[in-house]
Amino acid sequence: MKKSTFISVDKVVSTLLLTTCFGFIAPTITGAAPVEAAPAVVSGLPDFTDLVEKSSPAVVNIRTTEKIQQGQPGMGGDDEQMQEFFRRFFGMPIPKQQPAPTPKGRKQAPQQQEEEVPRGVGSGFIISQDGYVLTNTHVVEGASEVYVKLTDKREFKAKVIGTDKRTDVAVLKIDGSKLPRLTVGDSDKIRAGEWVLAIGSPFDLDNTVTAGIISAKARDTGDFLPLIQTDVAVNPGNSGGPLINMRGEVIGINSQIYSRSGGYMGISFAIPIDEAMRVVEQLKSVGRVTRGRIGVAIDDLSKEVAESIGLPKAQGALVTRVEPGAPAEKAGVQDGDVILKFNGITVEKRTDLPRIVGMTKPGSKATITVWRKGAARDLAITVSEAEPDTKVAQKTDKKAKRDQTANALGIYVTDMTAAQKKELPGVTGVVIESVEGPAVQAGLNQGDIILMLNQVDVKDAKQFAAMVSKLDPKKAASLLVRRDNFSQFILIRPASQ
């Protein structure tokens, strides 16, 4: 699956695909059962009627508006009809045109009055009798006003308590008491194949119910979200609505679809309610979400690389870069380490680590278990608060000695220059000046820095040449290579001497 095929409202704004706020449309059952078996098949299907009757009052329709200047370009005649078309069928407004700048020397026109116009529609659900409502961030993002309408036709102006883009969770508050609410379930206990249903407002059709099964429990589509995959029909307008189990509990928030056309194609995704509630508690208490970080770039670990470094199985997150000054560097984490555990929690795959670290409170101390040079070791680390990654510029200095000796790997190297050592404090290795034969086939490039050969640190060109000369031509060699501030293992088989 390509990432671009997971559709949400921000994707639609930029590409004008056919989906923003996703919703549900009632499925049509096709394919008749054998005549003799018909009574048994019908009696075996679940009955959702009582469940829908009980849950529907707590599911709400959300509409948003934005304020524009009266007479603003792009908002008259045909454009108003286009706005309505996009609102109804895409659940979003057409991107508005920016007014042309006032020419120099000409007086600016007097300030015009603001007008509130429809922006988009979505769904949500009430989780407390005093009026806390959950929905998606992309449903309310950028709105001037948010309105929540209940099934009994009451409508409230909602206050946005907080939003979190990374999880696409938003918390709203409406003024009310003894409101209908849904019970929050446990998404950790769900099972693939169990029946689920959704209630929402596809195409602004209030209280539409659809049903299906859970297709997969934890589908990786992002660093912080192992989403629930279902075959429940999802279409514009149902974003933010609840995914409900047969006990009437919310186990997810409907959020995304997989599509090549922009419309529903049989696969939809929901945010696990356990993940969502962790975000909700922070949004309600402080209005924003804080996450832990340790400052490493990571990659998946292949079976071949795991074998080459002596790891019993392909498990963990491979460190490809350690940010200068970050908690990981201070703890002693190095490029090429494989993170196996964080605070005792096993890291099975790359995507596990950001979630585990992200849930750790900034400032807290933790123990990180890494695999390095054939053995596991524990490192003490202090978690910091998540912030945008920084990139370290890397300069090149051509003044270096070159090892002119051809080797079985087809690599010509030089010692690191003083400038490179200054840019990469604590890093030792050799710089590739040219490649041929096996090195070209392995994907090595000029400018790559070789940090280790078969789990042994590379110190200079002379030592590297001596190590290469002793390689077994029948076995693939494992190189830890740094490229563009990232490190990775590359397997290369020596050429026959």
# chains A, B, ... in the order shown; residues from 1 in each chain; ligands from 1
>>> select_by_dssp(residues="range 331-386 of chain A", states="alpha helix (DSSP H)", output="PyMOL selection string")
chain A and resi 331+352-358
>>> write_last_selection(atoms="N, CA and C atoms", output="compact mmCIF listing (two decimals), in the first residue's frame")
# COMPACT_ATOMS: atom_id res chain seq x y z
N ALA A 331 22.94 8.63 26.23
CA ALA A 331 22.85 7.31 26.85
C ALA A 331 23.86 6.33 26.28
N ASP A 352 6.96 -0.19 16.58
CA ASP A 352 6.64 -0.31 18.01
C ASP A 352 7.34 0.78 18.82
N LEU A 353 8.57 1.10 18.44
CA LEU A 353 9.38 1.99 19.28
C LEU A 353 8.79 3.39 19.42
N PRO A 354 8.40 4.09 18.34
CA PRO A 354 7.83 5.43 18.52
C PRO A 354 6.61 5.44 19.42
N ARG A 355 5.80 4.38 19.37
CA ARG A 355 4.60 4.33 20.21
C ARG A 355 4.96 4.15 21.67
N ILE A 356 5.91 3.26 21.92
CA ILE A 356 6.31 3.00 23.30
C ILE A 356 6.97 4.23 23.90
N VAL A 357 7.90 4.82 23.16
CA VAL A 357 8.59 6.02 23.64
C VAL A 357 7.61 7.19 23.75
N GLY A 358 6.72 7.31 22.76
CA GLY A 358 5.77 8.42 22.77
C GLY A 358 4.86 8.42 23.98
>>> select_by_dssp(residues="range 203-432 of chain A", states="strand (DSSP E)", output="NGL selection string")
:A and (208-220 or 226-230 or 235-236 or 242-244 or 249-258 or 268-272 or 292-293 or 296-299 or 317-322 or 338-342 or 345-346 or 365-372 or 375-382 or 384-385 or 411-415 or 430-432)
>>> closest_residue(among="A:Lys165, A:Lys459, A:Arg278, A:Lys54", to="Glu249 in chain A", atoms="only C-alpha atoms")
A:Lys54
>>> closest_residue(among="A:Asn407, A:Asn61, A:Ser434, A:Thr320", to="Arg482 in chain A", atoms="only C-alpha atoms")
A:Thr320
>>> residues_around(residues="Leu179 in chain A", least_positions_apart="2", cutoff="12 Å", atoms="only C-alpha atoms", output="list in words")
Pro57, Ala58, Val59, Val60, Phe125, Ile126, Ile127, Ser128, Gln129, Asp130, Gly131, Tyr132, Val133, Leu150, Thr151, Asp152, Arg154, Lys173, Ile174, Asp175, Gly176, Ser177, Arg181 and Leu182 of chain A
>>> write_last_selection(atoms="N, CA and C atoms", output="compact mmCIF listing (two decimals), in the first residue's frame")
# COMPACT_ATOMS: atom_id res chain seq x y z
N PRO A 57 -28.66 7.58 19.93
CA PRO A 57 -28.83 8.92 20.52
C PRO A 57 -27.52 9.61 20.89
N ALA A 58 -26.47 8.83 21.11
CA ALA A 58 -25.20 9.43 21.53
C ALA A 58 -24.29 9.76 20.35
N VAL A 59 -24.70 9.41 19.13
CA VAL A 59 -23.92 9.71 17.93
C VAL A 59 -24.41 11.04 17.36
N VAL A 60 -23.50 11.93 17.04
CA VAL A 60 -23.89 13.29 16.63
C VAL A 60 -23.40 13.62 15.23
N PHE A 125 -19.25 11.43 18.61
CA PHE A 125 -20.07 10.74 19.61
C PHE A 125 -19.76 11.27 20.99
N ILE A 126 -20.79 11.25 21.84
CA ILE A 126 -20.69 11.80 23.20
C ILE A 126 -20.15 10.72 24.14
N ILE A 127 -19.15 11.07 24.96
CA ILE A 127 -18.56 10.10 25.89
C ILE A 127 -18.86 10.42 27.35
N SER A 128 -19.51 11.53 27.61
CA SER A 128 -19.86 11.87 29.00
C SER A 128 -21.17 12.63 29.02
N GLN A 129 -21.92 12.49 30.09
CA GLN A 129 -23.24 13.13 30.18
C GLN A 129 -23.15 14.64 30.25
N ASP A 130 -21.96 15.17 30.61
CA ASP A 130 -21.83 16.62 30.67
C ASP A 130 -21.35 17.23 29.35
N GLY A 131 -21.26 16.40 28.27
CA GLY A 131 -21.09 16.98 26.95
C GLY A 131 -19.75 16.91 26.28
N TYR A 132 -18.87 16.00 26.68
CA TYR A 132 -17.61 15.84 25.95
C TYR A 132 -17.86 14.97 24.72
N VAL A 133 -17.38 15.44 23.57
CA VAL A 133 -17.61 14.78 22.29
C VAL A 133 -16.27 14.46 21.63
N LEU A 150 -27.77 16.65 17.75
CA LEU A 150 -28.17 15.35 18.26
C LEU A 150 -29.33 14.79 17.44
N THR A 151 -29.63 13.53 17.69
CA THR A 151 -30.72 12.88 16.94
C THR A 151 -32.08 13.47 17.29
N ASP A 152 -32.19 14.10 18.45
CA ASP A 152 -33.48 14.71 18.83
C ASP A 152 -33.61 16.14 18.28
N ARG A 154 -31.76 18.71 18.66
CA ARG A 154 -31.10 19.79 19.39
C ARG A 154 -29.72 20.07 18.78
N LYS A 173 -16.56 20.18 23.39
CA LYS A 173 -17.40 20.28 24.59
C LYS A 173 -18.66 21.08 24.24
N ILE A 174 -19.80 20.50 24.59
CA ILE A 174 -21.07 21.21 24.43
C ILE A 174 -21.70 21.38 25.81
N ASP A 175 -22.49 22.44 25.96
CA ASP A 175 -23.13 22.70 27.25
C ASP A 175 -24.40 21.87 27.36
N GLY A 176 -24.38 20.93 28.27
CA GLY A 176 -25.56 20.09 28.47
C GLY A 176 -25.39 19.23 29.70
N SER A 177 -26.46 18.58 30.10
CA SER A 177 -26.41 17.67 31.24
C SER A 177 -27.31 16.48 30.95
N ARG A 181 -24.82 9.00 26.16
CA ARG A 181 -23.39 8.78 25.95
C ARG A 181 -23.13 7.33 25.58
N LEU A 182 -21.98 7.11 24.96
CA LEU A 182 -21.55 5.76 24.63
C LEU A 182 -20.53 5.28 25.64
>>> decode(residues="range 306-341 of chain A", atoms="N, CA and C atoms", output="mmCIF file, in the first residue's frame")
data_model
loop_
_atom_site.group_PDB
_atom_site.id
_atom_site.type_symbol
_atom_site.label_atom_id
_atom_site.label_comp_id
_atom_site.auth_asym_id
_atom_site.auth_seq_id
_atom_site.Cartn_x
_atom_site.Cartn_y
_atom_site.Cartn_z
ATOM 1 N N ALA A 306 19.962 -9.548 10.469
ATOM 2 C CA ALA A 306 19.933 -10.113 11.823
ATOM 3 C C ALA A 306 20.915 -11.276 11.937
ATOM 4 N N GLU A 307 20.936 -12.131 10.939
ATOM 5 C CA GLU A 307 21.874 -13.258 10.947
ATOM 6 C C GLU A 307 23.316 -12.781 10.876
ATOM 7 N N SER A 308 23.554 -11.736 10.087
ATOM 8 C CA SER A 308 24.930 -11.257 9.918
ATOM 9 C C SER A 308 25.502 -10.634 11.179
ATOM 10 N N ILE A 309 24.635 -10.132 12.068
ATOM 11 C CA ILE A 309 25.131 -9.514 13.308
ATOM 12 C C ILE A 309 24.923 -10.420 14.522
ATOM 13 N N GLY A 310 24.524 -11.656 14.256
ATOM 14 C CA GLY A 310 24.415 -12.632 15.338
ATOM 15 C C GLY A 310 23.157 -12.564 16.154
ATOM 16 N N LEU A 311 22.138 -11.849 15.672
ATOM 17 C CA LEU A 311 20.878 -11.749 16.408
ATOM 18 C C LEU A 311 20.032 -12.986 16.108
ATOM 19 N N PRO A 312 19.533 -13.680 17.132
ATOM 20 C CA PRO A 312 18.799 -14.932 16.923
ATOM 21 C C PRO A 312 17.611 -14.816 15.978
ATOM 22 N N LYS A 313 16.880 -13.683 16.013
ATOM 23 C CA LYS A 313 15.762 -13.493 15.094
ATOM 24 C C LYS A 313 15.651 -12.019 14.706
ATOM 25 N N ALA A 314 14.964 -11.778 13.596
ATOM 26 C CA ALA A 314 14.810 -10.410 13.098
ATOM 27 C C ALA A 314 13.786 -9.666 13.951
ATOM 28 N N GLN A 315 14.237 -9.132 15.062
ATOM 29 C CA GLN A 315 13.376 -8.435 16.005
ATOM 30 C C GLN A 315 14.036 -7.133 16.414
ATOM 31 N N GLY A 316 13.229 -6.100 16.611
ATOM 32 C CA GLY A 316 13.756 -4.843 17.107
ATOM 33 C C GLY A 316 13.761 -3.745 16.063
ATOM 34 N N ALA A 317 14.305 -2.580 16.460
ATOM 35 C CA ALA A 317 14.398 -1.418 15.587
ATOM 36 C C ALA A 317 15.873 -1.090 15.365
ATOM 37 N N LEU A 318 16.284 -1.061 14.109
ATOM 38 C CA LEU A 318 17.672 -0.792 13.762
ATOM 39 C C LEU A 318 17.935 0.705 13.771
ATOM 40 N N VAL A 319 18.901 1.143 14.551
ATOM 41 C CA VAL A 319 19.239 2.564 14.649
ATOM 42 C C VAL A 319 20.077 2.960 13.436
ATOM 43 N N THR A 320 19.543 3.906 12.653
ATOM 44 C CA THR A 320 20.271 4.378 11.471
ATOM 45 C C THR A 320 20.905 5.741 11.691
ATOM 46 N N ARG A 321 20.468 6.449 12.709
ATOM 47 C CA ARG A 321 21.091 7.740 13.026
ATOM 48 C C ARG A 321 20.763 8.127 14.461
ATOM 49 N N VAL A 322 21.748 8.664 15.140
ATOM 50 C CA VAL A 322 21.557 9.188 16.494
ATOM 51 C C VAL A 322 21.753 10.696 16.426
ATOM 52 N N GLU A 323 20.750 11.448 16.847
ATOM 53 C CA GLU A 323 20.836 12.903 16.772
ATOM 54 C C GLU A 323 21.851 13.440 17.779
ATOM 55 N N PRO A 324 22.717 14.364 17.340
ATOM 56 C CA PRO A 324 23.677 14.968 18.255
ATOM 57 C C PRO A 324 22.979 15.664 19.415
ATOM 58 N N GLY A 325 23.417 15.373 20.635
ATOM 59 C CA GLY A 325 22.860 16.011 21.820
ATOM 60 C C GLY A 325 21.548 15.436 22.303
ATOM 61 N N ALA A 326 20.988 14.469 21.577
ATOM 62 C CA ALA A 326 19.707 13.884 21.958
ATOM 63 C C ALA A 326 19.891 12.899 23.116
ATOM 64 N N PRO A 327 18.808 12.518 23.798
ATOM 65 C CA PRO A 327 18.909 11.569 24.914
ATOM 66 C C PRO A 327 19.609 10.270 24.529
ATOM 67 N N ALA A 328 19.372 9.772 23.314
ATOM 68 C CA ALA A 328 19.997 8.515 22.890
ATOM 69 C C ALA A 328 21.510 8.639 22.840
ATOM 70 N N GLU A 329 21.997 9.766 22.318
ATOM 71 C CA GLU A 329 23.452 9.961 22.253
ATOM 72 C C GLU A 329 24.048 10.033 23.658
ATOM 73 N N LYS A 330 23.372 10.742 24.553
ATOM 74 C CA LYS A 330 23.861 10.860 25.931
ATOM 75 C C LYS A 330 23.849 9.508 26.644
ATOM 76 N N ALA A 331 22.941 8.634 26.227
ATOM 77 C CA ALA A 331 22.849 7.312 26.852
ATOM 78 C C ALA A 331 23.861 6.331 26.277
ATOM 79 N N GLY A 332 24.486 6.703 25.146
ATOM 80 C CA GLY A 332 25.481 5.822 24.542
ATOM 81 C C GLY A 332 24.967 4.975 23.399
ATOM 82 N N VAL A 333 23.768 5.270 22.895
ATOM 83 C CA VAL A 333 23.244 4.545 21.736
ATOM 84 C C VAL A 333 24.073 4.913 20.511
ATOM 85 N N GLN A 334 24.359 3.919 19.659
ATOM 86 C CA GLN A 334 25.209 4.135 18.495
ATOM 87 C C GLN A 334 24.507 3.695 17.219
ATOM 88 N N ASP A 335 24.957 4.258 16.097
ATOM 89 C CA ASP A 335 24.474 3.790 14.798
ATOM 90 C C ASP A 335 24.766 2.296 14.676
ATOM 91 N N GLY A 336 23.769 1.554 14.178
ATOM 92 C CA GLY A 336 23.951 0.122 14.015
ATOM 93 C C GLY A 336 23.445 -0.698 15.185
ATOM 94 N N ASP A 337 23.148 -0.032 16.309
ATOM 95 C CA ASP A 337 22.532 -0.751 17.428
ATOM 96 C C ASP A 337 21.132 -1.199 17.032
ATOM 97 N N VAL A 338 20.697 -2.300 17.589
ATOM 98 C CA VAL A 338 19.322 -2.761 17.408
ATOM 99 C C VAL A 338 18.627 -2.650 18.758
ATOM 100 N N ILE A 339 17.597 -1.804 18.832
ATOM 101 C CA ILE A 339 16.873 -1.614 20.088
ATOM 102 C C ILE A 339 15.887 -2.759 20.258
ATOM 103 N N LEU A 340 16.106 -3.572 21.293
ATOM 104 C CA LEU A 340 15.297 -4.766 21.541
ATOM 105 C C LEU A 340 14.174 -4.513 22.539
ATOM 106 N N LYS A 341 14.461 -3.677 23.550
ATOM 107 C CA LYS A 341 13.457 -3.394 24.579
ATOM 108 C C LYS A 341 13.557 -1.939 25.011
#
